[in-house]
Every structure is written in C-alpha cells, then in structure tokens.
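Only one structure is covered here, and it is reproduced in the block below.
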Amino acid sequence: MQNLDSALFLDRDGVINRQIVGDYVRNLLQLELLPGAIDAIARLGNVFRYVIVVTNQQGISKGLMSAGDVVAIHDYIIQKVTEAGGHLDRIYCCPSLGTKNDPNRKPGTGMGLQAKQDFPDIDFNRSLMVGDSPSDMLFAERLGMQRIFISNGKLVPDGVKHVCDALSEVPAMLGLEKNSEP
C-alpha cells in the first residue's frame, strides 16, 4: 500500500468493538472494545488526516435500540480514542433496514460521499477502508479506496489483497513501528 494519507474509514462492529453475532450492540453496557483497537486508531491518526467511522445500524429501525443509545456508544468510542491521544473526526451511521435499499447503507456510498462533502479535501484514492464484511469492501471499491479486510475467521471477499485478523494489526501492515508514540 502506498500514498495513503487522506482518510481512514473504519467499520464499527467487528472492527472497533466485538460484534454480537445474530444481534446488535444495543447500549453502552453491551459495548466491548476489541483489544488494541483504540490504540491502533490513535496510531493511525498520525498517518491519516481524517479518521472516520461508517456504520450500518439497522437495529435502530428495528426498534431494538434508540438513536440516543447509538450516540452514547459513539461518544464513548470518541472519548476513548481522544484519551489515547488520537482523533476520530466523525462517525456516520445509517439506521435504515437492509431491505430499504438506502444509498447511505453500505455497500452504498452515501456515508462516504457525505464525508467528502463535510471534508472536501478527502481524496478517496489516498484513503483506506478497514472493515470485516463484504459490504465494507464493496463500499471502498466503489469509492476507489484501498481496503483491508478484518477476517475474524470469515472468508475473504474476492479481490481483497490485504487481510488482518484485527484492527490492532493494521499499523504494522502499514509499516508503522509498534512502539511508536500515538
């Protein structure tokens, strides 16, 4: 990977926090940050101008959690990244059901295009998406971003060349020293 410095896009569930298989992280009490994820975000923030989370959260539309519950989770993640010396510039969330075909819902590019509108100097060709689903990888491909797939034991989608077991491995994959300061 080369020429990456514009924006780091991250999925949330399965990348930053433990995904509850068959369910949703419905509130802050259920949030379990993955080992090394916050420190990795802080370190990666030294390389990327913007650090942005793009997350589908259809549990809101299903009535399983409120938008306020999701905001509390996101505020907590931002706080932890800030405490670790990093920055998380924005979290975009699409609450639409997968069946609604909302262009903001990944693999639709709406959240990425909104980020570009909010931060006009984002260059997708110099950006990276880290995610753990085929829809994350397709989102990145459609916008022309490089991609890293967090496998979590899943099959790697076709065409994806860069794979890690966890977000904590991404700084090393990008050549950042493990012991460097965030």
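In the structure tokens, each chain is lettered A, B, ... as it comes, each chain's residues begin at 1, and ligands are numbered from 1 in order of appearance.
The environment of Lys161 of chain A within 10 Å, counting only C-alpha atoms and disregarding residues fewer than 5 places along the same chain, consists of Gln146, Arg147, Ile148, Phe149 and Val156 of chain A.
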- What lies within 9 Å of segment 53-56 of chain A using only C-alpha atoms, ignoring chain neighbours under 5 positions off, as a PyMOL selection string? chain A and resi 8-13+88-98+104-106+111-112+136
- Query: Could you pull the residues within 8 Å of Leu143 of chain A, counting only C-alpha atoms, minus those fewer than 6 positions along the same chain, as a PyMOL selection string?
  - Reply: chain A and resi 109+112+124-125
Could you write those residues out with N, CA, C and O atoms, as a short mmCIF file (atom, residue, chain, number, x, y, z; two decimals), in the first residue's frame?
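Saved as out_38.cif:
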data_model
loop_
_atom_site.label_atom_id
_atom_site.label_comp_id
_atom_site.auth_asym_id
_atom_site.auth_seq_id
_atom_site.Cartn_x
_atom_site.Cartn_y
_atom_site.Cartn_z
N THR A 109 -22.64 4.10 -1.23
CA THR A 109 -21.53 5.02 -0.96
C THR A 109 -21.95 6.31 -0.25
O THR A 109 -21.13 7.20 -0.05
N GLY A 112 -19.80 7.71 2.62
CA GLY A 112 -18.51 8.19 2.11
C GLY A 112 -18.66 9.52 1.39
O GLY A 112 -17.83 10.43 1.57
N PHE A 124 -10.35 9.98 -2.07
CA PHE A 124 -10.64 8.55 -1.89
C PHE A 124 -9.49 7.67 -2.39
O PHE A 124 -9.24 6.61 -1.84
N ASN A 125 -8.79 8.11 -3.42
CA ASN A 125 -7.68 7.32 -3.95
C ASN A 125 -6.49 7.26 -2.99
O ASN A 125 -5.61 6.44 -3.18
#
- Those of chain A in DSSP strand (DSSP E or B), formatted as JSON, numbers by chain: {"A": [7, 8, 9, 10, 13, 17, 33, 50, 51, 52, 53, 54, 55, 56, 90, 91, 92, 93, 94, 128, 129, 130, 131, 146, 147, 148, 149, 150, 163, 164]}
- Query: Using the chain letters and numbers from this document, which residues of segment 6-45 of chain A does DSSP assign to alpha helix (DSSP H), as a ChimeraX atom specification?
  - Reply: /A:37-44
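One distance worth recording is that between atom CA of Pro103 of chain A and atom CA of Gln57 of chain A, which is 13.9 Å.
If you measure from each of A:Gln30, A:Gln114, A:Asn3, A:Gly68 to Ile52 of chain A using only C-alpha atoms, the closest one turns out to be A:Gln114.
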- Task: Check the smallest atom-to-atom distance from each of A:Leu155, A:Gly108, A:Arg126, A:Gln58 to Arg142 of chain A using only C-alpha atoms, then report the winner.
- Result: A:Gly108
- Item | Shell around Pro171 of chain A at 10 Å using only C-alpha atoms, local window under 2 positions removed, as number ranges by chain | A: 39-44, 47, 167-169, 173-178
What's the 7 Å shell around Ser135 of chain A, counting only C-alpha atoms, without same-chain residues fewer than 2 positions away, as a PDB file with C-alpha atoms, in the first residue's frame?
ATOM      1  CA  LYS A 106     -23.085   0.139   2.923  1.00  0.00           C
ATOM      2  CA  PRO A 107     -22.291  -1.082   0.331  1.00  0.00           C
ATOM      3  CA  SER A 133     -17.768  -7.572   5.752  1.00  0.00           C
ATOM      4  CA  MET A 137     -15.109  -3.927   0.916  1.00  0.00           C
ATOM      5  CA  LEU A 138     -17.609  -3.110  -1.841  1.00  0.00           C
ATOM      6  CA  PHE A 139     -18.194   0.359  -0.318  1.00  0.00           C
TER       7      PHE A 139
END
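In this comparison, which uses only C-alpha atoms, the residue of A:Val21, A:Val15, A:Val70, A:Leu34 approaching Ser151 of chain A most closely is A:Val15.
Minimum atom-to-atom distance to Asp123 of chain A, evaluated using only C-alpha atoms, belongs to A:Arg49 out of A:Leu31, A:Arg49, A:Gly159, A:Cys164.
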